[in-house]
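Shown next: my_file-v5.cif, containing mmCIF, C-alpha atoms.
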data_coords
loop_
_atom_site.label_atom_id
_atom_site.label_comp_id
_atom_site.auth_asym_id
_atom_site.auth_seq_id
_atom_site.Cartn_x
_atom_site.Cartn_y
_atom_site.Cartn_z
CA MET H 1 -62.89 107.61 106.92
CA VAL H 2 -65.09 110.18 105.39
CA ALA H 3 -64.46 109.04 101.87
CA PRO H 4 -65.68 105.45 102.34
CA GLU H 5 -68.89 106.62 103.99
CA GLU H 6 -69.55 108.92 101.08
CA ARG H 7 -68.89 106.10 98.62
CA SER H 8 -71.18 103.75 100.48
CA GLY H 9 -73.82 106.40 100.81
CA GLY H 10 -73.41 107.28 97.17
CA GLY H 11 -73.76 103.60 96.28
CA ARG H 12 -77.07 103.36 98.10
CA ARG H 13 -78.36 106.46 96.36
CA SER H 14 -77.35 105.17 92.88
CA GLY H 15 -78.98 101.71 93.45
CA CYS H 16 -82.46 103.13 94.10
CA PRO H 17 -82.92 104.71 90.63
CA ARG H 18 -81.83 101.47 88.90
CA SER H 19 -84.47 99.48 90.77
CA VAL H 20 -87.19 102.02 89.93
CA LYS H 21 -86.16 101.95 86.27
CA SER H 22 -86.38 98.12 86.12
CA TRP H 23 -89.83 98.11 87.66
CA TRP H 24 -90.93 100.81 85.20
CA ARG H 25 -89.81 98.67 82.21
CA LEU H 26 -91.65 95.65 83.56
CA ALA H 27 -94.83 97.68 83.98
CA VAL H 28 -94.65 98.96 80.40
CA LEU H 29 -94.13 95.40 79.10
CA LEU H 30 -97.11 94.07 81.04
CA LEU H 31 -99.28 96.93 79.83
CA SER H 32 -98.27 96.27 76.23
CA VAL H 33 -99.03 92.57 76.48
CA SER H 34 -102.38 93.20 78.14
CA SER H 35 -103.34 95.63 75.38
CA LEU H 36 -102.78 93.02 72.61
CA PRO H 37 -105.99 91.52 71.19
CA ALA H 38 -106.78 88.02 72.28
CA VAL H 39 -106.05 85.30 69.76
CA SER H 40 -109.29 84.29 68.09
CA ALA H 41 -109.95 81.33 65.82
CA LEU H 42 -112.70 83.21 63.99
CA VAL H 43 -111.20 85.21 61.14
CA GLU H 44 -113.22 87.35 58.76
CA GLY H 45 -113.12 85.88 55.27
CA LEU H 46 -112.60 82.28 56.34
CA TYR H 47 -115.54 79.88 56.45
CA CYS H 48 -118.37 81.59 58.43
CA GLY H 49 -116.31 84.63 59.40
CA LYS H 50 -116.83 85.75 63.00
CA GLU H 51 -119.65 83.23 63.48
CA VAL H 52 -119.16 79.61 64.47
CA CYS H 53 -120.55 77.34 61.75
CA TYR H 54 -121.97 74.94 64.34
CA ASP H 55 -123.83 77.76 66.06
CA VAL H 56 -125.18 79.01 62.74
CA LEU H 57 -126.83 75.65 62.09
CA GLY H 58 -127.67 75.14 65.75
CA VAL H 59 -125.80 71.84 66.12
CA THR H 60 -122.91 70.63 68.26
CA ARG H 61 -119.44 69.65 67.14
CA GLU H 62 -120.36 66.00 67.64
CA ALA H 63 -123.35 66.23 65.25
CA SER H 64 -123.56 63.64 62.50
CA LYS H 65 -123.96 64.34 58.78
CA SER H 66 -127.67 63.60 58.90
CA GLU H 67 -128.21 65.98 61.81
CA ILE H 68 -126.30 68.74 60.01
CA ALA H 69 -128.31 68.17 56.81
CA ARG H 70 -131.61 68.19 58.73
CA ALA H 71 -130.73 71.47 60.49
CA TYR H 72 -129.71 73.03 57.19
CA ARG H 73 -132.96 72.08 55.44
CA GLN H 74 -135.05 73.52 58.26
CA LEU H 75 -133.17 76.84 58.26
CA ALA H 76 -133.06 76.99 54.47
CA ARG H 77 -136.85 76.67 54.24
CA ARG H 78 -137.23 79.52 56.70
CA TYR H 79 -134.70 81.98 55.27
CA HIS H 80 -134.72 81.15 51.55
CA PRO H 81 -135.39 84.40 49.61
CA ASP H 82 -138.23 82.78 47.66
CA ARG H 83 -139.97 81.46 50.80
CA PHE H 84 -139.21 84.11 53.38
CA ARG H 85 -142.21 86.09 54.59
CA PRO H 86 -141.58 88.99 56.98
CA GLY H 87 -143.62 88.83 60.17
CA GLU H 88 -143.96 85.04 60.30
CA PRO H 89 -143.47 83.34 63.71
CA GLY H 90 -139.77 83.06 64.44
CA SER H 91 -138.87 85.78 61.90
CA GLU H 92 -139.75 88.86 63.92
CA GLY H 93 -137.53 91.82 63.12
CA GLU H 94 -136.12 90.16 60.01
CA THR H 95 -136.20 91.86 56.63
CA LEU H 96 -135.72 90.43 53.17
CA GLU H 97 -132.13 91.74 53.06
CA THR H 98 -131.17 90.31 56.46
CA ALA H 99 -132.86 87.01 55.59
CA HIS H 100 -130.85 86.82 52.37
CA THR H 101 -127.59 87.50 54.26
CA LYS H 102 -128.46 84.87 56.85
CA PHE H 103 -129.35 82.34 54.17
CA LEU H 104 -125.91 82.81 52.58
CA LEU H 105 -124.31 82.28 56.00
CA ILE H 106 -126.37 79.12 56.54
CA ALA H 107 -125.34 77.80 53.11
CA THR H 108 -121.67 78.53 53.87
CA ALA H 109 -121.90 76.74 57.19
CA TYR H 110 -123.47 73.71 55.55
CA GLU H 111 -120.85 73.63 52.77
CA THR H 112 -118.15 73.74 55.45
CA LEU H 113 -119.53 70.99 57.67
CA LYS H 114 -120.93 68.54 55.14
CA ASP H 115 -117.49 67.65 53.76
CA GLU H 116 -115.30 65.57 56.07
CA ASP H 117 -111.99 67.14 54.97
CA THR H 118 -113.26 70.71 55.19
CA ARG H 119 -114.88 70.01 58.57
CA ARG H 120 -111.59 68.58 59.83
CA ASP H 121 -109.72 71.72 58.77
CA TYR H 122 -112.38 73.91 60.39
CA ASN H 123 -112.22 72.00 63.69
CA TYR H 124 -108.44 72.31 63.63
CA MET H 125 -108.80 76.07 63.20
CA LEU H 126 -111.11 76.23 66.23
CA ASP H 127 -108.66 74.21 68.32
CA HIS H 128 -105.50 76.03 67.14
CA PRO H 129 -106.43 79.69 66.65
CA GLU H 130 -102.83 80.87 66.70
CA GLU H 131 -101.89 79.25 63.35
CA TYR H 132 -103.21 82.00 61.10
CA TYR H 133 -101.15 81.22 58.03
CA GLN H 134 -101.92 77.51 58.15
CA HIS H 135 -105.65 78.25 58.28
CA TYR H 136 -105.48 80.60 55.29
CA TYR H 137 -103.48 78.04 53.30
CA ALA H 138 -105.84 75.15 54.08
CA TYR H 139 -108.92 77.24 53.29
CA TYR H 140 -107.80 78.66 49.94
CA ARG H 141 -106.15 75.43 48.88
CA ARG H 142 -109.53 73.71 48.98
CA ARG H 143 -111.39 76.65 47.46
CA LEU H 144 -109.03 77.08 44.53
CA ALA H 145 -108.42 73.38 43.93
CA PRO H 146 -110.05 72.05 40.72
CA LYS H 147 -113.28 70.19 41.27
CA VAL H 148 -112.38 67.55 38.69
CA ASP H 149 -109.45 65.22 39.20
CA VAL H 150 -106.45 66.51 37.25
CA ARG H 151 -105.59 62.97 36.18
CA VAL H 152 -108.97 62.63 34.48
CA VAL H 153 -108.43 65.94 32.63
CA VAL H 154 -104.99 64.84 31.44
CA LEU H 155 -106.30 61.45 30.31
CA VAL H 156 -109.21 62.97 28.39
CA THR H 157 -106.87 65.49 26.74
CA ILE H 158 -104.44 62.77 25.67
CA CYS H 159 -107.30 60.67 24.27
CA ALA H 160 -108.67 63.65 22.32
CA ILE H 161 -105.24 64.41 20.86
CA SER H 162 -104.76 60.75 19.93
CA ILE H 163 -108.13 60.57 18.15
CA PHE H 164 -107.38 63.75 16.18
CA GLN H 165 -103.89 62.45 15.41
CA TYR H 166 -105.17 59.15 14.03
CA TYR H 167 -107.93 60.82 12.00
CA SER H 168 -105.44 63.29 10.49
CA TRP H 169 -103.00 60.53 9.52
CA HIS H 170 -105.81 58.44 8.05
CA SER H 171 -106.99 61.38 5.93
CA SER H 172 -103.45 62.03 4.66
CA TYR H 173 -103.04 58.36 3.80
CA ASN H 174 -106.29 58.32 1.82
CA GLU H 175 -105.22 61.44 -0.07
CA VAL H 176 -101.98 59.70 -1.09
CA ILE H 177 -103.87 56.61 -2.26
CA ASN H 178 -106.24 58.77 -4.30
CA TYR H 179 -103.25 60.52 -5.86
CA LEU H 180 -101.45 57.26 -6.70
CA MET H 181 -104.56 56.01 -8.48
CA THR H 182 -104.15 58.89 -10.94
CA VAL H 183 -100.45 58.19 -11.58
CA PRO H 184 -100.20 56.07 -14.75
CA LYS H 185 -97.17 54.12 -13.50
CA TYR H 186 -98.90 52.74 -10.41
CA ARG H 187 -102.31 52.44 -12.04
CA ILE H 188 -100.96 50.29 -14.90
CA GLN H 189 -99.07 48.05 -12.46
CA ALA H 190 -102.16 47.61 -10.29
CA THR H 191 -104.29 46.84 -13.36
CA GLU H 192 -101.84 44.17 -14.53
CA ILE H 193 -101.81 42.54 -11.09
CA ALA H 194 -105.61 42.59 -10.99
CA LYS H 195 -105.82 40.91 -14.40
CA GLN H 196 -103.30 38.25 -13.39
CA GLN H 197 -105.36 37.49 -10.28
CA GLY H 198 -108.56 37.39 -12.34
CA LEU H 199 -110.15 40.31 -10.53
CA LEU H 200 -110.96 42.31 -13.67
CA ASN H 201 -112.29 39.52 -15.88
CA ARG H 202 -115.61 40.76 -17.12
CA SER H 203 -117.87 37.77 -17.41
CA LYS H 204 -120.99 38.14 -19.48
CA GLU H 205 -123.92 38.81 -17.23
CA LYS H 206 -127.48 38.28 -18.34
CA GLY H 207 -130.90 38.87 -16.94
CA LYS H 208 -131.48 40.58 -13.62
CA ASN H 209 -127.88 40.07 -12.48
CA ARG H 210 -126.53 42.23 -15.27
CA ARG H 211 -124.74 45.30 -13.91
CA SER H 212 -124.50 48.70 -15.47
CA LYS H 213 -121.24 50.16 -16.79
CA GLU H 214 -121.07 52.54 -13.83
CA GLU H 215 -121.27 49.69 -11.33
CA ILE H 216 -118.57 47.73 -13.18
CA ARG H 217 -116.31 50.80 -13.31
CA GLU H 218 -116.79 51.45 -9.57
CA GLN H 219 -115.88 47.85 -8.79
CA GLU H 220 -112.74 48.07 -10.92
CA GLU H 221 -111.72 51.25 -9.15
CA GLU H 222 -112.12 49.57 -5.78
CA VAL H 223 -110.03 46.61 -6.93
CA ILE H 224 -107.23 48.88 -8.17
CA ARG H 225 -107.40 50.90 -4.97
CA ASP H 226 -107.07 47.79 -2.80
CA ILE H 227 -104.09 46.55 -4.82
CA ILE H 228 -102.31 49.90 -4.51
CA LYS H 229 -102.94 49.86 -0.74
CA ASN H 230 -101.59 46.34 -0.32
CA LYS H 231 -98.77 46.24 -2.85
CA ILE H 232 -97.22 49.70 -2.56
CA ASP H 233 -95.18 50.36 0.56
CA ILE H 234 -95.77 54.01 1.42
CA LYS H 235 -93.22 55.30 3.90
CA GLY H 236 -92.56 58.57 5.65
CA GLY H 237 -95.20 61.01 6.81
CA TYR H 238 -97.92 59.55 4.53
CA GLN H 239 -97.57 55.92 5.54
CA LYS H 240 -100.53 53.85 6.65
CA PRO H 241 -101.61 54.93 10.15
CA ASN H 242 -100.77 52.57 12.96
CA LEU H 243 -102.38 52.62 16.39
CA SER H 244 -99.01 52.14 18.07
CA ASP H 245 -97.88 55.53 16.70
CA ILE H 246 -100.55 57.68 18.36
CA LEU H 247 -99.77 59.65 21.51
CA LEU H 248 -101.74 57.47 23.93
CA CYS H 249 -100.00 54.27 22.85
CA GLN H 250 -96.64 56.02 22.81
CA ILE H 251 -97.09 57.05 26.45
CA VAL H 252 -98.26 53.57 27.48
CA LEU H 253 -95.39 51.89 25.60
CA PHE H 254 -92.75 54.42 26.70
CA PRO H 255 -91.14 52.07 29.28
CA TYR H 256 -90.88 49.39 26.59
CA TYR H 257 -89.31 51.79 24.08
CA LEU H 258 -86.92 53.15 26.71
CA THR H 259 -85.80 49.64 27.61
CA ASN H 260 -85.22 48.78 23.96
CA TYR H 261 -83.21 51.97 23.45
CA VAL H 262 -81.00 51.27 26.46
CA VAL H 263 -80.40 47.70 25.28
CA TRP H 264 -79.64 48.93 21.75
CA TYR H 265 -77.25 51.62 22.97
CA VAL H 266 -75.36 49.23 25.25
CA SER H 267 -75.14 46.71 22.41
CA TRP H 268 -73.87 49.41 20.04
CA VAL H 269 -71.15 50.51 22.45
CA TYR H 270 -70.13 46.94 23.18
CA ARG H 271 -70.03 45.80 19.53
CA PHE H 272 -68.56 48.81 17.75
CA THR H 273 -66.63 50.65 20.46
CA ILE H 274 -65.28 47.88 22.65
CA CYS H 275 -65.15 44.90 20.29
CA ARG H 276 -64.40 47.04 17.19
CA GLU H 277 -66.80 45.16 14.91
CA GLU H 278 -67.39 46.37 11.37
CA TYR H 279 -70.62 48.19 10.59
CA GLY H 280 -73.36 46.43 8.66
CA ASP H 281 -75.52 48.14 6.04
CA LYS H 282 -78.19 48.90 8.62
CA GLU H 283 -75.69 50.55 10.96
CA LYS H 284 -74.05 52.43 8.09
CA LEU H 285 -77.38 53.89 6.97
CA TYR H 286 -78.12 54.89 10.54
CA ILE H 287 -74.84 56.83 10.79
CA ILE H 288 -75.47 58.45 7.39
CA ARG H 289 -78.92 59.54 8.50
CA ARG H 290 -77.43 61.09 11.64
CA HIS H 291 -74.84 62.93 9.55
CA MET H 292 -77.59 64.33 7.32
CA LYS H 293 -79.69 65.27 10.37
CA LEU H 294 -82.78 63.62 8.91
CA SER H 295 -85.61 61.98 10.84
CA GLN H 296 -86.41 58.33 10.26
CA SER H 297 -89.53 59.19 8.25
CA GLN H 298 -87.61 61.64 6.06
CA PHE H 299 -84.87 59.10 5.42
CA ASP H 300 -87.42 56.40 4.57
CA ARG H 301 -88.80 58.57 1.76
CA LEU H 302 -85.52 58.29 -0.16
CA GLU H 303 -85.30 55.83 -3.02
CA GLU H 304 -83.39 52.60 -2.52
CA ASN H 305 -80.92 53.48 -5.26
CA THR H 306 -80.18 56.77 -3.46
CA LYS H 307 -79.42 54.89 -0.25
CA GLN H 308 -77.23 52.50 -2.21
CA THR H 309 -75.35 55.49 -3.62
CA PHE H 310 -74.71 56.68 -0.06
CA LEU H 311 -73.27 53.27 0.79
CA ASP H 312 -71.10 53.19 -2.32
CA LYS H 313 -69.62 56.58 -1.43
CA GLN H 314 -69.02 55.42 2.15
CA LEU H 315 -70.78 58.42 3.61
CA TRP H 316 -70.84 56.88 7.08
CA VAL H 317 -67.23 58.08 7.30
CA LYS H 318 -67.28 61.67 8.50
CA GLU H 319 -64.60 62.87 6.08
CA ASN H 320 -66.36 61.35 3.06
CA PHE H 321 -69.64 62.91 4.12
CA GLU H 322 -68.06 66.38 4.40
CA VAL H 323 -66.67 66.04 0.87
CA TYR H 324 -70.09 64.91 -0.38
CA ARG H 325 -71.83 67.80 1.36
CA LYS H 326 -69.50 70.37 -0.22
CA GLU H 327 -70.03 68.80 -3.65
CA GLN H 328 -73.79 69.07 -3.22
CA GLU H 329 -73.48 72.70 -2.23
CA GLU H 330 -71.37 73.46 -5.32
CA GLU H 331 -73.85 71.67 -7.57
CA MET H 332 -76.67 73.68 -6.06
CA LYS H 333 -74.81 76.93 -6.71
CA VAL H 334 -74.15 75.97 -10.34
CA LYS H 335 -77.77 74.95 -10.81
CA MET H 336 -79.00 78.22 -9.41
CA ALA H 337 -76.57 80.13 -11.61
CA THR H 338 -77.70 78.37 -14.78
CA ASP H 339 -81.40 78.22 -13.97
CA THR H 340 -83.43 80.45 -16.32
CA ARG H 341 -85.86 81.47 -13.61
CA MET H 342 -83.02 82.50 -11.32
CA LYS H 343 -81.50 84.60 -14.11
CA GLN H 344 -84.82 86.35 -14.66
CA TYR H 345 -85.09 87.01 -10.93
CA ARG H 346 -81.59 88.51 -10.77
CA ARG H 347 -82.32 90.69 -13.84
CA TRP H 348 -85.51 91.96 -12.22
CA MET H 349 -83.69 92.69 -8.95
CA LYS H 350 -81.05 94.63 -10.87
CA ASN H 351 -83.40 96.70 -13.07
CA GLU H 352 -86.52 97.05 -10.95
CA GLY H 353 -85.69 95.93 -7.43
CA PRO H 354 -88.09 95.70 -4.54
CA GLY H 355 -87.53 99.37 -3.73
CA ARG H 356 -89.41 100.42 -6.90
CA LEU H 357 -92.59 98.59 -6.02
CA THR H 358 -95.58 100.77 -5.23
CA PHE H 359 -98.64 99.79 -3.23
CA ILE H 360 -102.06 100.70 -4.58
CA ASP H 361 -104.71 101.36 -1.99
CA ASP H 362 -108.12 99.88 -2.58
#

Encoded form using structure tokens:
Amino acid sequence: MVAPEERSGGGRRSGCPRSVKSWWRLAVLLLSVSSLPAVSALVEGLYCGKEVCYDVLGVTREASKSEIARAYRQLARRYHPDRFRPGEPGSEGETLETAHTKFLLIATAYETLKDEDTRRDYNYMLDHPEEYYQHYYAYYRRRLAPKVDVRVVVLVTICAISIFQYYSWHSSYNEVINYLMTVPKYRIQATEIAKQQGLLNRSKEKGKNRRSKEEIREQEEEVIRDIIKNKIDIKGGYQKPNLSDILLCQIVLFPYYLTNYVVWYVSWVYRFTICREEYGDKEKLYIIRRHMKLSQSQFDRLEENTKQTFLDKQLWVKENFEVYRKEQEEEMKVKMATDTRMKQYRRWMKNEGPGRLTFIDD
């Protein structure tokens, strides 16, 4: 009988400390929570800092744009550094430094409230002070965002590149035409065509209409130049510039080109893979160009007889092309071995060598 009483008594004594300990933990928790700073929507570094932008301008949250602008102009006239005069009515106790600081705050408040999107973000910050990270993101996203539309910048850049591209191609084309006018082969052909068309017939001119020899020569040069432009098909990188080849047109026509490529690829697979049709000359030259890893412009520079040689050797067949490639490599080695300039270079490398060169300082 004694033992149960002791256990029950002991149980009552052990329960009291547990209750005191629980209450002590609750008190510490409440004290910790009460010591935390209250959540505030006004954060230093965002918008007007610890000041409310509406209070800075002296307007309410329901104020219209015109009311905000009117309040800003009135305060700006009073606190502008160029207009502020210490001691004026309403400016008692203000100095030039404090007026300058206040003017910057007024300008910040106006910049915040005059824009609808920025004002909406600011009102959301006042209504939801607990979303610190969202406020920082919204604020700096607008501050760091470019003032000019990115699409406009991209469009202007593409247009500038396209203009430079066309001008560069046009200059290269004119250089080629000027060069071809000095080549006897093309100049003689153009002169013969001009004579056949009656463009170089020098009729006798008398009186005031008589031209000098320089004027006649300039006219003949222009005639020959026009014939070379129209009769000679220049291909490759120096061909006549076309507006459809510049970057701007390429971007605009990209869906069209992509559609054509898909149609061509499907047709190729259907005709030559599924139906097993034989290749035409156009398809054979395409495969040869792919084997040689040449661009279309590089392949277009080749002479027609060279392309015909490729077709005669059936280079569209992979095995034939490998044999042809090895033959070209062997010919190149033989040519380099028999070339006089290469022999002189090897003799110099053997006797002198680059290691015996000395540099002379100026």

Taking a cut-off of 12 Å and counting all atoms listed in the file, can you build a table that, for each residue of stretch 179-266 of chain H near stretch 153-157 of chain H, reports the nearest atom pair and how far apart they are in Å (one decimal), sorted by chain then residue number, as CSV?
residue,atom,partner,partner_atom,distance
H:Leu247,CA,H:Thr157,CA,10.6
H:Leu248,CA,H:Leu155,CA,8.8
H:Ile251,CA,H:Leu155,CA,10.9
H:Val252,CA,H:Leu155,CA,11.6

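Using only C-alpha atoms for every distance, the candidate list H:Val317, H:Gln219, H:Phe103, H:Thr191 yields H:Val317 as the residue closest to H:Tyr279.
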
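With distances restricted to only C-alpha atoms, H:Arg187 is the closest residue to H:Glu220 from H:His291, H:Arg187, H:Cys249, H:Glu131.
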
- Item | Selection result of the PyMOL selection byres ((chain H and resi 62-73) around 12) on this file, as a PyMOL selection string | chain H and resi 53-61+74-80+102-116+119+123

Can I get the selected residues back with C-alpha atoms, as an mmCIF file, in the coordinates of the input?
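Everything below was put into result-v1.cif:
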data_model
loop_
_atom_site.group_PDB
_atom_site.id
_atom_site.type_symbol
_atom_site.label_atom_id
_atom_site.label_comp_id
_atom_site.auth_asym_id
_atom_site.auth_seq_id
_atom_site.Cartn_x
_atom_site.Cartn_y
_atom_site.Cartn_z
ATOM 1 C CA CYS H 53 -120.550 77.340 61.750
ATOM 2 C CA TYR H 54 -121.970 74.940 64.340
ATOM 3 C CA ASP H 55 -123.830 77.760 66.060
ATOM 4 C CA VAL H 56 -125.180 79.010 62.740
ATOM 5 C CA LEU H 57 -126.830 75.650 62.090
ATOM 6 C CA GLY H 58 -127.670 75.140 65.750
ATOM 7 C CA VAL H 59 -125.800 71.840 66.120
ATOM 8 C CA THR H 60 -122.910 70.630 68.260
ATOM 9 C CA ARG H 61 -119.440 69.650 67.140
ATOM 10 C CA GLN H 74 -135.050 73.520 58.260
ATOM 11 C CA LEU H 75 -133.170 76.840 58.260
ATOM 12 C CA ALA H 76 -133.060 76.990 54.470
ATOM 13 C CA ARG H 77 -136.850 76.670 54.240
ATOM 14 C CA ARG H 78 -137.230 79.520 56.700
ATOM 15 C CA TYR H 79 -134.700 81.980 55.270
ATOM 16 C CA HIS H 80 -134.720 81.150 51.550
ATOM 17 C CA LYS H 102 -128.460 84.870 56.850
ATOM 18 C CA PHE H 103 -129.350 82.340 54.170
ATOM 19 C CA LEU H 104 -125.910 82.810 52.580
ATOM 20 C CA LEU H 105 -124.310 82.280 56.000
ATOM 21 C CA ILE H 106 -126.370 79.120 56.540
ATOM 22 C CA ALA H 107 -125.340 77.800 53.110
ATOM 23 C CA THR H 108 -121.670 78.530 53.870
ATOM 24 C CA ALA H 109 -121.900 76.740 57.190
ATOM 25 C CA TYR H 110 -123.470 73.710 55.550
ATOM 26 C CA GLU H 111 -120.850 73.630 52.770
ATOM 27 C CA THR H 112 -118.150 73.740 55.450
ATOM 28 C CA LEU H 113 -119.530 70.990 57.670
ATOM 29 C CA LYS H 114 -120.930 68.540 55.140
ATOM 30 C CA ASP H 115 -117.490 67.650 53.760
ATOM 31 C CA GLU H 116 -115.300 65.570 56.070
ATOM 32 C CA ARG H 119 -114.880 70.010 58.570
ATOM 33 C CA ASN H 123 -112.220 72.000 63.690
#

- Query: What's the 10 Å shell around H:Arg289, counting all atoms listed in the file, without same-chain residues fewer than 2 positions away, as a ChimeraX atom specification?
  - Reply: /H:283-287,291-296,298-300,307,310,315-316

- Restricting the calculation to all atoms listed in the file, which member of H:Met336, H:Leu144, H:Val323, H:Ile288 is positioned closest to H:Gln308?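 For H:Gln308, the nearest of the given residues is H:Ile288.
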
- Quick one, how far is atom CA of H:Ile163 from atom CA of H:Leu243? 10.0 Å

- Determine the nearest neighbour of H:His135 from the options H:Ile246, H:Glu44, H:Leu302, H:Ser212, counting all atoms listed in the file.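 Among the listed residues, H:Glu44 lies closest to H:His135.
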
- Å distance separating atom CA of H:Pro184 from atom CA of H:Ile228, one decimal place: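 A separation of 12.1 Å between them.
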
- Message: Would you compute the distance between atom CA of H:Ser172 and atom CA of H:Arg225? Give it in Å to one decimal.
- Response: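 Atom CA of H:Ser172 sits 15.2 Å away from atom CA of H:Arg225.
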
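Minimum atom-to-atom distance to H:Cys48, evaluated using all atoms listed in the file, belongs to H:Leu126 out of H:Leu96, H:Leu126, H:Met332, H:Val269.
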
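Considering the residues H:Glu330, H:Asn174, H:Glu218, H:Ile224 and counting only C-alpha atoms, H:Tyr186 has its shortest atom-to-atom contact with H:Ile224.
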
- Which residues match the PyMOL selection byres ((chain H and resi 173) around 9) in the file above, as a list in words? Ser168, Trp169, His170, Ser171, Ser172, Asn174, Glu175, Val176, Ile177, Asn178, Ile234, Gly237, Tyr238, Gln239, Lys240 and Pro241 of chain H

Output stretch 166-177 of chain H as a PDB file, keeping the file's coordinate frame, making sure N, CA and C atoms are there.
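Dumped everything to out-v6.pdb:
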ATOM      1  N   TYR H 166    -104.891  60.298  14.883  1.00  0.00           N
ATOM      2  CA  TYR H 166    -105.170  59.150  14.030  1.00  0.00           C
ATOM      3  C   TYR H 166    -106.051  59.554  12.840  1.00  0.00           C
ATOM      4  N   TYR H 167    -107.046  60.379  13.087  1.00  0.00           N
ATOM      5  CA  TYR H 167    -107.930  60.820  12.000  1.00  0.00           C
ATOM      6  C   TYR H 167    -107.143  61.632  10.964  1.00  0.00           C
ATOM      7  N   SER H 168    -106.230  62.489  11.419  1.00  0.00           N
ATOM      8  CA  SER H 168    -105.440  63.290  10.490  1.00  0.00           C
ATOM      9  C   SER H 168    -104.530  62.409   9.650  1.00  0.00           C
ATOM     10  N   TRP H 169    -103.870  61.441  10.279  1.00  0.00           N
ATOM     11  CA  TRP H 169    -103.000  60.530   9.520  1.00  0.00           C
ATOM     12  C   TRP H 169    -103.803  59.702   8.526  1.00  0.00           C
ATOM     13  N   HIS H 170    -104.985  59.249   8.927  1.00  0.00           N
ATOM     14  CA  HIS H 170    -105.810  58.440   8.050  1.00  0.00           C
ATOM     15  C   HIS H 170    -106.257  59.260   6.834  1.00  0.00           C
ATOM     16  N   SER H 171    -106.590  60.519   7.050  1.00  0.00           N
ATOM     17  CA  SER H 171    -106.990  61.380   5.930  1.00  0.00           C
ATOM     18  C   SER H 171    -105.829  61.612   4.974  1.00  0.00           C
ATOM     19  N   SER H 172    -104.624  61.831   5.518  1.00  0.00           N
ATOM     20  CA  SER H 172    -103.450  62.030   4.660  1.00  0.00           C
ATOM     21  C   SER H 172    -103.140  60.768   3.861  1.00  0.00           C
ATOM     22  N   TYR H 173    -103.301  59.628   4.493  1.00  0.00           N
ATOM     23  CA  TYR H 173    -103.040  58.360   3.800  1.00  0.00           C
ATOM     24  C   TYR H 173    -104.030  58.158   2.651  1.00  0.00           C
ATOM     25  N   ASN H 174    -105.294  58.456   2.878  1.00  0.00           N
ATOM     26  CA  ASN H 174    -106.290  58.320   1.820  1.00  0.00           C
ATOM     27  C   ASN H 174    -106.031  59.289   0.678  1.00  0.00           C
ATOM     28  N   GLU H 175    -105.548  60.482   0.993  1.00  0.00           N
ATOM     29  CA  GLU H 175    -105.220  61.440  -0.070  1.00  0.00           C
ATOM     30  C   GLU H 175    -104.084  60.913  -0.943  1.00  0.00           C
ATOM     31  N   VAL H 176    -103.094  60.264  -0.314  1.00  0.00           N
ATOM     32  CA  VAL H 176    -101.980  59.700  -1.090  1.00  0.00           C
ATOM     33  C   VAL H 176    -102.466  58.567  -1.978  1.00  0.00           C
ATOM     34  N   ILE H 177    -103.341  57.713  -1.449  1.00  0.00           N
ATOM     35  CA  ILE H 177    -103.870  56.610  -2.260  1.00  0.00           C
ATOM     36  C   ILE H 177    -104.661  57.151  -3.441  1.00  0.00           C
TER      37      ILE H 177
END
